Amino acid sequence: MRTVRFALGPRGYDVVIGPQTIDTLDASAAAAGLADAGAFVLVADRATGPAVERVAGALARLGKPVHRIVLDVAETSKSMAGLDDLYGRFIDAKLDRSGVVVALGGGVIGDLAGFAAATYSRGLRWIGVPSTLLAAVDSSVGGKTGINHARGKNLIGAIHQPALVIVDRSLFATLPRRELISGYGEMIKYGLALDRGLWNDLFLVDPGAVTDAHIERCIALKAAIVGADERDETGVRETLNFGHTIGHAIESATAYAYYRHGEAVVLGMRAAVALSAVRRHCSVAFAAGVDAQLATVPVPALPPLDPETIADAVARDKKRSAGGATRFVLLRAIGETVPDAGVDRAAVVAAFRGLETACISSA
Ligand SMILES: NC(=O)c1ccc[n+]([C@@H]2O[C@H](COP(=O)([O-])OP(=O)(O)OC[C@H]3O[C@@H](n4cnc5c(N)ncnc54)[C@H](O)[C@@H]3O)[C@@H](O)[C@H]2O)c1
Ligand SMILES: [Zn+2]
């Protein structure tokens, strides 16, 4: 069993990683000081199947009521309506401030149940049990929770750190291949932006064969960054956004219905690497080498998109500098990024056109 500590003072917590760790959730929860919970409310993605009862069984050993809320999940679950439904069920379960929310699912369940925990009764403690690789290495750790609004994704949210996160890789056995690749894409991001050794190691394994050690490395990299900039204020946490500016634009332009998040990040990283050479943070030859490696990650080819739509989405990106320009995170070397607010619209359009051409030639 491996443990990564998010050292955030009174909001600090452990991420426990290892086989069958969901079956010992009671012991981990007790060690995290959660045995005093008045009740547990388990909010679970139905797709996690038998894991729901395994987690509920472990929680029941703490001797408190365990309420189960099992949901059919889609990105649209992360909505006002989905949140309202959860609040109603919390009230029906007579949950008070001593209640602890347990989120068993991917990023959708984690963001939704985590935000419900942040806001219900002025804030409840919560435990994350990620059931997708993406949630394990990214969304379940770091405390960002929230829902979507009809006008945009993740517009409503709160930073509300979990009190404990349990990563049990056996849950990922039922994930469709594309979900594994999505998580793997996000792991590659950690390597390319922050850790050359991880980047090299990940290309030696299939996306379906990442190990607990790889997962631990990603979470530890995130823990160090969140420890330095919990609220995304100083620019340190922005590093985690590498590949996300154009990645998010591609997700938005395809209505969140074509790419899985980590797949879009792989394409976003390819565009960011190209821009890094254009902005002379690295050489053209270096960028070409990195791109050739990224091109080996199996991601569906781009559908026809208007590059101007991508540029519009980039211009709307919430990561802006004082002057109003979108701030990119670009690459200097493997494991070394540089913020850059000087990327103009024409460069974004050109980088996206380059990506379209590259996708056609590598398809
Ligand atoms: N809070 C953050 O820091 C953060 C970071 C990145 C992404 N996100 C959010 O996370 C969401 C994406 O997360 P995701 O990729 O985990 O998506 P998801 O929660 O939609 O899960 C992906 C799919 O896998 C299914 N699934 C989940 N666990 C399964 C299992 N064990 N076996 C079989 N199927 C399973 C789900 O039902 C769903 O169909 C987005 O809403 C994104 O905005 C948040
Ligand atoms: Zn991401």
# chains A, B, ... in the order shown; residues from 1 in each chain; ligands from 1
call {"tool": "residues_near_ligand", "arguments": {"ligand": "ligand 1", "cutoff": "6 Å", "atoms": "only C-alpha atoms and all ligand atoms", "output": "list in words"}}
result
Asp45, Ala47, Thr48, Val73, Ala74, Glu75, Gly105, Gly106, Gly107, Val108, Ile109, Asp111, Ser131, Thr132, Leu134, Ala135, Asp138, Ser139, Lys144, Thr145, Leu171, Phe172, Thr174 and Leu175 of chain A
call {"tool": "write_last_selection", "arguments": {"atoms": "C-alpha atoms", "output": "CSV table (one decimal), in the first residue's frame"}}
result
chain,number,residue,atom,x,y,z
A,45,ASP,CA,-21.9,5.6,-10.4
A,47,ALA,CA,-21.2,1.5,-13.7
A,48,THR,CA,-19.0,0.6,-10.7
A,73,VAL,CA,-24.0,9.0,-14.9
A,74,ALA,CA,-23.5,11.3,-17.9
A,75,GLU,CA,-21.7,14.6,-18.2
A,105,GLY,CA,-17.2,7.1,-9.5
A,106,GLY,CA,-15.3,9.0,-12.1
A,107,GLY,CA,-14.8,12.7,-12.4
A,108,VAL,CA,-18.5,13.4,-12.9
A,109,ILE,CA,-19.5,11.8,-9.6
A,111,ASP,CA,-17.2,16.8,-9.0
A,131,SER,CA,-13.4,4.5,-10.3
A,132,THR,CA,-11.7,5.9,-13.5
A,134,LEU,CA,-8.6,9.9,-15.0
A,135,ALA,CA,-10.3,10.5,-11.6
A,138,ASP,CA,-6.5,14.0,-11.5
A,139,SER,CA,-10.1,14.9,-10.6
A,144,LYS,CA,-11.7,21.2,-7.2
A,145,THR,CA,-15.4,20.4,-7.2
A,171,LEU,CA,-11.9,-0.8,-10.1
A,172,PHE,CA,-10.4,0.1,-13.5
A,174,THR,CA,-14.2,-2.8,-16.2
A,175,LEU,CA,-13.3,0.5,-17.9
call {"tool": "residues_near_ligand", "arguments": {"ligand": "ligand 2", "cutoff": "7 Å", "atoms": "only C-alpha atoms and all ligand atoms", "output": "list of chain:residue names"}}
result
A:Asp138, A:Glu186, A:Asn241, A:His244, A:His261, A:Gly262, A:Val265
call {"tool": "write_last_selection", "arguments": {"atoms": "C-alpha atoms", "output": "tab-separated table (two decimals), in the first residue's frame"}}
result
chain	number	residue	atom	x	y	z
A	138	ASP	CA	-6.55	14.03	-11.49
A	186	GLU	CA	-3.57	12.95	-18.38
A	241	ASN	CA	-3.13	23.06	-17.27
A	244	HIS	CA	-5.58	22.03	-21.65
A	261	HIS	CA	-11.15	14.55	-21.61
A	262	GLY	CA	-7.66	13.01	-21.63
A	265	VAL	CA	-5.57	16.82	-23.70
call {"tool": "residues_around", "arguments": {"residues": "A:His214", "least_positions_apart": "5", "cutoff": "9 Å", "atoms": "only C-alpha atoms", "output": "list in words"}}
result
Met187, Leu198, Asp201, Leu202 and Ile219 of chain A
call {"tool": "write_last_selection", "arguments": {"atoms": "C-alpha atoms", "output": "compact mmCIF listing (two decimals), in the first residue's frame"}}
result
# COMPACT_ATOMS: atom_id res chain seq x y z
CA MET A 187 -0.69 10.91 -16.89
CA LEU A 198 7.67 9.51 -15.73
CA ASP A 201 8.42 5.23 -18.21
CA LEU A 202 4.87 5.73 -19.43
CA ILE A 219 -0.65 12.11 -7.58
call {"tool": "closest_atom_pairs", "arguments": {"of": "stretch 193-302 of chain A", "to": "stretch 325-328 of chain A", "cutoff": "8 Å", "atoms": "only C-alpha atoms", "output": "JSON lines"}}
result
{"residue": "A:Phe242", "atom": "CA", "partner": "A:Phe328", "partner_atom": "CA", "distance": 7.7}
{"residue": "A:Thr245", "atom": "CA", "partner": "A:Phe328", "partner_atom": "CA", "distance": 6.7}
{"residue": "A:Ala272", "atom": "CA", "partner": "A:Phe328", "partner_atom": "CA", "distance": 8.0}
call {"tool": "write_last_selection", "arguments": {"atoms": "C-alpha atoms", "output": "PDB file, in the first residue's frame"}}
result
ATOM      1  CA  PHE A 242      -0.471  22.122 -19.818  1.00  0.00           C
ATOM      2  CA  THR A 245      -6.072  25.407 -23.376  1.00  0.00           C
ATOM      3  CA  ALA A 272       1.049  23.330 -27.258  1.00  0.00           C
TER       4      ALA A 272
END
call {"tool": "residues_around", "arguments": {"residues": "stretch 347-349 of chain A", "least_positions_apart": "2", "cutoff": "9 Å", "atoms": "only C-alpha atoms", "output": "count of residues only"}}
result
16
call {"tool": "select_by_dssp", "arguments": {"residues": "stretch 306-347 of chain A", "states": "strand (DSSP E)", "output": "list of chain:residue names"}}
result
A:Phe328, A:Val329, A:Leu330, A:Leu331, A:Arg332, A:Ala333, A:Glu336, A:Thr337, A:Val338, A:Pro339, A:Asp340
call {"tool": "write_last_selection", "arguments": {"atoms": "N, CA and C atoms", "output": "short mmCIF file (atom, residue, chain, number, x, y, z; two decimals), in the first residue's frame"}}
result
data_model
loop_
_atom_site.label_atom_id
_atom_site.label_comp_id
_atom_site.auth_asym_id
_atom_site.auth_seq_id
_atom_site.Cartn_x
_atom_site.Cartn_y
_atom_site.Cartn_z
N PHE A 328 -1.06 30.75 -22.03
CA PHE A 328 -0.73 29.35 -22.34
C PHE A 328 0.35 28.84 -21.39
N VAL A 329 0.37 27.54 -21.21
CA VAL A 329 1.51 26.89 -20.58
C VAL A 329 2.23 26.18 -21.71
N LEU A 330 3.47 26.58 -21.97
CA LEU A 330 4.21 25.99 -23.09
C LEU A 330 5.43 25.23 -22.56
N LEU A 331 6.15 24.59 -23.48
CA LEU A 331 7.20 23.65 -23.08
C LEU A 331 8.59 24.17 -23.46
N ARG A 332 9.51 24.06 -22.48
CA ARG A 332 10.90 24.42 -22.74
C ARG A 332 11.74 23.16 -22.96
N ALA A 333 11.43 22.17 -22.14
CA ALA A 333 12.12 20.88 -22.22
C ALA A 333 11.15 19.86 -21.63
N GLU A 336 9.69 20.62 -18.16
CA GLU A 336 9.88 22.05 -17.84
C GLU A 336 8.97 22.93 -18.70
N THR A 337 8.04 23.62 -18.03
CA THR A 337 7.09 24.46 -18.76
C THR A 337 7.38 25.94 -18.53
N VAL A 338 6.74 26.76 -19.36
CA VAL A 338 6.89 28.21 -19.23
C VAL A 338 5.53 28.86 -19.55
N PRO A 339 5.06 29.78 -18.69
CA PRO A 339 3.81 30.46 -19.02
C PRO A 339 4.05 31.46 -20.14
N ASP A 340 3.07 31.64 -21.00
CA ASP A 340 3.24 32.56 -22.12
C ASP A 340 1.90 33.20 -22.47
#
